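Peer 1: Supplied in structure tokens, the structure appears directly below.
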Amino acid sequence: MKERHSLILSFHEVSPAAERLRYILSEEDDMPTPTLFTEMDTLQREGDELEWKESARWVKFEEKVEEGGERWSKPHVSTLSLHSLFELRTCLQTGTVLLDLEGYSLPQIVEYAVDCNIEEGMISPDLREKISFVLLRKHRHQTKKPIHRSLADIGKSSSSTSECHAQSRSMNDIADTPSTDQLKNKFMKKIPRDAEASNVLVGEVDFLNKPFVAFVRLAQATTLGGLTEVPVPTRFLFILLGPQGKAKSYNEIGRAIATLMVDDLFSDVAYKARDREDLIAGIDEFLDEVIVLPPGEWDPKIRIEPPKKVPSADKRKSVFSLNELGQMNGTAGGGGGLAEDEEMPVQHELGEELAFTGRFCGGLYLDIKRKLPWLPSDFYEGFHIQSISAVLFIYLGCITNAITFGGLLGDATDNYQGVMESFLGTALAGSVFCLFSGQPLIILSSTGPILIFEKLLFEFSKNNAIDYMELRLWIGIHSCLQCFVLVATDASYIIKYMTRFTEEGFSSLISFIFISDAIKKMVGAFKYYPINTDFKPDYVTTYKCEFPMPDNSSSVSGVSACFHSLNVTALDWSQLSKKECLKYGGSLVGKSCKYVPDLALMSFILFFGTYSMTVSLKKFKFSRYFPTKLRKLISDFSIFMSIMTFVGLDMLMGLKTPKLIVPTEFKPTRPDRGWLVMPFGKNPWWMYLASFVPALLVTILIFMDQQISAVIVNRKENKLKKGCGYHLDLFWVGVLMATCSFMGLPWYVAATVISIAHIDSLKMESESSAPGEQPQFLGVREQRVTGILVFVLTGVSIFLAPVLKFIPMPVLYGVFLYMGVASLSGIQFWDRIKLYMMPSKHQPDFSYLRHVPLRRVHLFTLIQITCLAVLWILKSTFLAIIFPVMILGLMVVRKMLDMVFSQHDLAWLDDLLPEKEKKKKDDAKKKGKEKEKKKAKPDDSEEEVRNSGFCCPL
């Protein structure tokens, strides 16, 4: 039975309608099909007058004029009855179809349509004038407000009334040119510039016995005066006039053709159709894809909200493409037989950027060749208002990071490297990298493993009487040379084996570090500024100030000398302020004397307030309030607005919350060192060679940290168009390693979380979208300007100390928390963790849950959690120095998963390894060739099906 079913489907795929569409849509045409704006007008009778009144419109979704006639409905998905689609099919089969008609005015088009109906015997010649008269009545659009007759209008003279009546009864009552209301219609902003119109006219009249139907496609899109709500040239007209008593049926047929016209595939068919049968084939394809809902299972009055993400019609089109003949029966999706569902996971392909060239510096040469043509656009595309918000956001993140790591480095290295070195190194390394690298969206920063390495290296140098700065210089030189070797040999090729499993483990770890550090710092604030639980408001009047009586005259004379021989015993201590009391050597006695404001509570308000306000404003662009541009502007500047709001709140309260401390003088943190480190003279000669060993560990750390961050930044979902530069990036990181070592500055590598935040702040969305359609993600504003400005501002921050000192540190910790949480969004690993706490019926409809058993999903997630826990434990101990080796260990674990999970499961939960992907594609090609042979030479079972009369219904 299963075999017979597959043969029936195979037979259906080569049905006459499908075969016809295949040749229509496979025609080579450089011109893309324009977007269609469809308007439906229904015939209305106002007293003795007839007019066409706009009742609905479509750009992508349907909008109806509400019954009151004064407003549009919310955009919604058109719900059609199956009966109306079959009636429409009948109308196109029996009615008049005029394709590529040369018409330049509505009267001319109406005349052609009526004459054609008469010639085909559809209507009698005596109905010509009546039909033309009805079709040329004026059109009242929703932009025009209804005219309410006043008492003055009622009292008009009969001569005036008869004159007006005679004028409206003229043959042509429609305007020849667009009205002022049409030209000023703000709805034009929702329609693409190259759009064309499709007009649907339906109504009932008392002089017809059978319907008058005409489908017209003009050779050239023409503006037909007042026919359309907006001044868009008309390409298609569908006219349906019928006998009275079936207005609802006519209206549903009109909605059906209007919905078809905004369907991506049918609109292509309508533009390329050569005859009536092509249109019928387009309707048949639409019927094949239609989903029917049983009438008793849902309420037809409910308007279905537009989906957040609309599936592309490209897949439907590809089925009818001649180029896809060898990829039918499910192989077109690239599934290779992994699943029968048409939704296949998008495999992570790193492309030619990581291809092994086998030539000396081959990858570096290709990176430079790939990036050079984009160099001019990397600068002029950065001049956009969105770049301002990105610069402010990333700048505050960078200086907070520089101060934090600078302070920690100062403690770990006895101030050989401190906040000043951190600021200067961040500015130098970041600017050079953004200017010359292959991926300027990456932000360089210090990292935790490097900090631990510096600490262990300083302790080793101190315990063995070795000069720390000179040893560090030689480690940096060796590491630089090792990076050059990796670049020259295309060693970045290994990143191809870094699947989603490794990426998500690494990025989740970094995100959790940001989150935990932000929370730790806030918990620390409660230790420094404990809440005053012992303070009793009832005792505020019980404090007093006392002067300690001296034990000898010498102490009294000392105090008197200090205060210009002031007789302290003569002072009225009860009238002194707390500050004056302490100034004159007094002491405070009482339960309320040691009260200080609750700075910890205020710090928490600033911390959590900044985070929560940023999250709320970031989501504001999806709210219902204010125009689209204003919502988007608020969303782009959400972080800056949140910081300014809570900085202002802190200044208003006037409390001494911990503030940002920025160096004010340009000089090394440690007085006995300069800005250059000499390579010789302080350590034994063999130390210059022996430093190769620790340098190897640093190189592995930098290589893994840099390249994993680059892979995450260059993900396909970010839609980057200018290519990657893995080899070029590593080359400049090596150069900067040596440069920073000579200057005694910290080492820098790609910062995953800040880089992701940089990309999120530069995401672009479509400006004009159909009503109800979510703005489409277009990609990222790829440029070098924002990164360069961020690091230049970081460098000049020592001159901005008077301004930056007003920023409370809890506000910046809130920014850190937001960056950590935001970088977790969209990570499949995080979504799968949340599934543990959800009952099955409440779980989101993720694609992998449709194809992989839930227990296998949980097992895969548990393995990832275990690996993450091991990495976290290592990071928290002195073993953090082998952190890069553990990242390589994740790749080994992923390789072992091939023995635990099937390739089908891994294709949905992770990315297939390169050799597995290649094998899968080879298998798919073999299956495709076998199917082609079967189609070319049908077997006996196929002949049996044909002879038995099996066919697939419409």
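All residue names refer to the structure tokens as shown: chains lettered A, B, ... in order, residues numbered from 1 in each chain, ligands numbered from 1 in order.
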Excluding Ile865 in chain A and residues on its chain fewer than 2 positions from it, collect all residues at most 12 Å away from it, counting only C-alpha atoms, and give them as an MDAnalysis selection string.
Peer 2: chainID A and resid 501:502 504:506 508:509 829:830 832:833 858:863 867:872 890
Peer 1: Could you pull out the strand (DSSP E or B) residues of range 717-784 of chain A from DSSP and send them as a PyMOL selection string?
Peer 2: chain A and resi 749-750+763-765+777-780
Peer 1: Would you mind telling me which residue in A:Leu241, A:Leu36, A:Leu293, A:Cys483 lies nearest to Ala221 in chain A when using only C-alpha atoms?
Peer 2: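 Using only C-alpha atoms, the shortest distance to Ala221 in chain A belongs to A:Leu36.
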Peer 1: Between CA of Leu375 in chain A and CA of Leu762 in chain A, what distance in Å does the model show, to one decimal?
Peer 2: 18.1 Å
Peer 1: Once DSSP has gone over the backbone, tell me which residues of range 679-714 of chain A are in helix (DSSP H, G or I), as a JSON list (two decimals) with N, CA, C and O atoms, in the first residue's frame.
Peer 2:
[["chain", "number", "residue", "atom", "x", "y", "z"],
["A", 685, "TRP", "N", 70.40, 34.28, 29.27],
["A", 685, "TRP", "CA", 70.15, 34.13, 27.84],
["A", 685, "TRP", "C", 69.24, 32.94, 27.52],
["A", 685, "TRP", "O", 68.44, 32.99, 26.57],
["A", 686, "TRP", "N", 69.35, 31.86, 28.31],
["A", 686, "TRP", "CA", 68.54, 30.68, 28.02],
["A", 686, "TRP", "C", 67.05, 30.93, 28.25],
["A", 686, "TRP", "O", 66.19, 30.22, 27.73],
["A", 687, "MET", "N", 66.74, 31.98, 29.04],
["A", 687, "MET", "CA", 65.33, 32.31, 29.29],
["A", 687, "MET", "C", 64.63, 32.79, 28.01],
["A", 687, "MET", "O", 63.43, 32.59, 27.83],
["A", 688, "TYR", "N", 65.43, 33.39, 27.11],
["A", 688, "TYR", "CA", 64.85, 33.86, 25.85],
["A", 688, "TYR", "C", 64.36, 32.70, 25.00],
["A", 688, "TYR", "O", 63.38, 32.84, 24.25],
["A", 689, "LEU", "N", 65.01, 31.55, 25.11],
["A", 689, "LEU", "CA", 64.61, 30.37, 24.35],
["A", 689, "LEU", "C", 63.55, 29.57, 25.09],
["A", 689, "LEU", "O", 62.60, 29.05, 24.49],
["A", 690, "ALA", "N", 63.74, 29.47, 26.43],
["A", 690, "ALA", "CA", 62.81, 28.67, 27.23],
["A", 690, "ALA", "C", 61.40, 29.25, 27.24],
["A", 690, "ALA", "O", 60.42, 28.53, 27.47],
["A", 692, "PHE", "N", 59.68, 29.88, 24.94],
["A", 692, "PHE", "CA", 58.89, 29.29, 23.85],
["A", 692, "PHE", "C", 57.79, 28.39, 24.39],
["A", 692, "PHE", "O", 56.69, 28.33, 23.83],
["A", 693, "VAL", "N", 58.05, 27.69, 25.51],
["A", 693, "VAL", "CA", 57.10, 26.72, 26.06],
["A", 693, "VAL", "C", 55.84, 27.41, 26.60],
["A", 693, "VAL", "O", 54.71, 27.08, 26.20],
["A", 694, "PRO", "N", 55.95, 28.38, 27.53],
["A", 694, "PRO", "CA", 54.72, 29.06, 27.97],
["A", 694, "PRO", "C", 54.05, 29.83, 26.83],
["A", 694, "PRO", "O", 52.82, 29.99, 26.83],
["A", 695, "ALA", "N", 54.86, 30.29, 25.85],
["A", 695, "ALA", "CA", 54.26, 30.99, 24.71],
["A", 695, "ALA", "C", 53.35, 30.07, 23.92],
["A", 695, "ALA", "O", 52.33, 30.51, 23.37],
["A", 696, "LEU", "N", 53.68, 28.79, 23.86],
["A", 696, "LEU", "CA", 52.84, 27.83, 23.14],
["A", 696, "LEU", "C", 51.46, 27.74, 23.77],
["A", 696, "LEU", "O", 50.44, 27.67, 23.07],
["A", 697, "LEU", "N", 51.42, 27.76, 25.10],
["A", 697, "LEU", "CA", 50.13, 27.72, 25.81],
["A", 697, "LEU", "C", 49.33, 28.98, 25.53],
["A", 697, "LEU", "O", 48.11, 28.92, 25.30],
["A", 698, "VAL", "N", 50.02, 30.12, 25.54],
["A", 698, "VAL", "CA", 49.33, 31.39, 25.24],
["A", 698, "VAL", "C", 48.79, 31.38, 23.81],
["A", 698, "VAL", "O", 47.67, 31.84, 23.55],
["A", 699, "THR", "N", 49.56, 30.82, 22.88],
["A", 699, "THR", "CA", 49.13, 30.79, 21.47],
["A", 699, "THR", "C", 47.87, 29.94, 21.31],
["A", 699, "THR", "O", 46.94, 30.32, 20.59],
["A", 700, "ILE", "N", 47.87, 28.77, 21.98],
["A", 700, "ILE", "CA", 46.66, 27.92, 21.91],
["A", 700, "ILE", "C", 45.46, 28.67, 22.48],
["A", 700, "ILE", "O", 44.36, 28.65, 21.92],
["A", 701, "LEU", "N", 45.67, 29.36, 23.60],
["A", 701, "LEU", "CA", 44.60, 30.13, 24.22],
["A", 701, "LEU", "C", 44.08, 31.20, 23.28],
["A", 701, "LEU", "O", 42.86, 31.33, 23.05],
["A", 702, "ILE", "N", 44.98, 31.96, 22.67],
["A", 702, "ILE", "CA", 44.57, 33.05, 21.78],
["A", 702, "ILE", "C", 43.91, 32.49, 20.52],
["A", 702, "ILE", "O", 42.89, 33.01, 20.06],
["A", 703, "PHE", "N", 44.48, 31.44, 19.96],
["A", 703, "PHE", "CA", 43.93, 30.85, 18.74],
["A", 703, "PHE", "C", 42.48, 30.40, 18.95],
["A", 703, "PHE", "O", 41.59, 30.73, 18.17],
["A", 704, "MET", "N", 42.26, 29.64, 20.03],
["A", 704, "MET", "CA", 40.92, 29.10, 20.28],
["A", 704, "MET", "C", 39.93, 30.21, 20.61],
["A", 704, "MET", "O", 38.82, 30.25, 20.09],
["A", 705, "ASP", "N", 40.35, 31.13, 21.50],
["A", 705, "ASP", "CA", 39.47, 32.22, 21.90],
["A", 705, "ASP", "C", 39.10, 33.10, 20.70],
["A", 705, "ASP", "O", 37.93, 33.45, 20.49],
["A", 706, "GLN", "N", 40.09, 33.45, 19.89],
["A", 706, "GLN", "CA", 39.87, 34.31, 18.75],
["A", 706, "GLN", "C", 39.00, 33.64, 17.69],
["A", 706, "GLN", "O", 38.02, 34.23, 17.21],
["A", 707, "GLN", "N", 39.31, 32.42, 17.35],
["A", 707, "GLN", "CA", 38.62, 31.79, 16.23],
["A", 707, "GLN", "C", 37.20, 31.34, 16.59],
["A", 707, "GLN", "O", 36.30, 31.41, 15.75],
["A", 708, "ILE", "N", 37.00, 30.92, 17.84],
["A", 708, "ILE", "CA", 35.62, 30.56, 18.25],
["A", 708, "ILE", "C", 34.74, 31.80, 18.23],
["A", 708, "ILE", "O", 33.61, 31.78, 17.74],
["A", 709, "SER", "N", 35.27, 32.91, 18.76],
["A", 709, "SER", "CA", 34.49, 34.16, 18.74],
["A", 709, "SER", "C", 34.21, 34.58, 17.31],
["A", 709, "SER", "O", 33.11, 35.07, 16.99],
["A", 710, "ALA", "N", 35.19, 34.40, 16.41],
["A", 710, "ALA", "CA", 34.99, 34.76, 15.01],
["A", 710, "ALA", "C", 33.92, 33.89, 14.36],
["A", 710, "ALA", "O", 33.08, 34.39, 13.60],
["A", 711, "VAL", "N", 33.90, 32.60, 14.68],
["A", 711, "VAL", "CA", 32.88, 31.70, 14.13],
["A", 711, "VAL", "C", 31.49, 32.13, 14.60],
["A", 711, "VAL", "O", 30.53, 32.14, 13.82],
["A", 712, "ILE", "N", 31.37, 32.50, 15.88],
["A", 712, "ILE", "CA", 30.07, 32.93, 16.42],
["A", 712, "ILE", "C", 29.62, 34.23, 15.76],
["A", 712, "ILE", "O", 28.45, 34.39, 15.40],
["A", 713, "VAL", "N", 30.55, 35.16, 15.54],
["A", 713, "VAL", "CA", 30.20, 36.42, 14.89],
["A", 713, "VAL", "C", 29.79, 36.19, 13.44],
["A", 713, "VAL", "O", 28.86, 36.82, 12.92]]
Peer 1: Closest to Ala738 in chain A among A:Phe620, A:Phe393, A:Trp474, A:Phe806, using only C-alpha atoms?
Peer 2: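 That would be A:Trp474, the residue with the smallest distance to Ala738 in chain A.
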Peer 1: Name the closest residue to Lys496 in chain A among the candidates A:Leu441, A:Met891, A:Ile643, A:Leu601; distances are taken between atoms, counting only C-alpha atoms.
Peer 2: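 When distances to Lys496 in chain A are compared using only C-alpha atoms, the smallest one comes from A:Met891.
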Peer 1: Nearest to Ile788 in chain A among A:Met641, A:Ser876, A:Met838, A:Cys434, with distances taken over only C-alpha atoms: which residue is it?
Peer 2: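 For Ile788 in chain A, the nearest of the given residues is A:Cys434.
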Peer 1: List the neighbours of Lys621 in chain A out to 10 Å using only C-alpha atoms; skip same-chain residues closer than 2 positions along the sequence, and give me the result as a list in words.
Peer 2: Ser616, Leu617, Lys618, Lys619, Ser623, Arg624, Tyr625, Phe626, Pro627, Thr628, Lys629, Leu630, Arg631, Lys632, Leu633, Ile634, Ser635 and Asp636 of chain A
Peer 1: Which residue, A:Ile466, A:Val735, A:Leu728, A:Val893, has the smallest gap to Pro684 in chain A when you use only C-alpha atoms?
Peer 2: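 Selected residue with least distance to Pro684 in chain A: A:Ile466.
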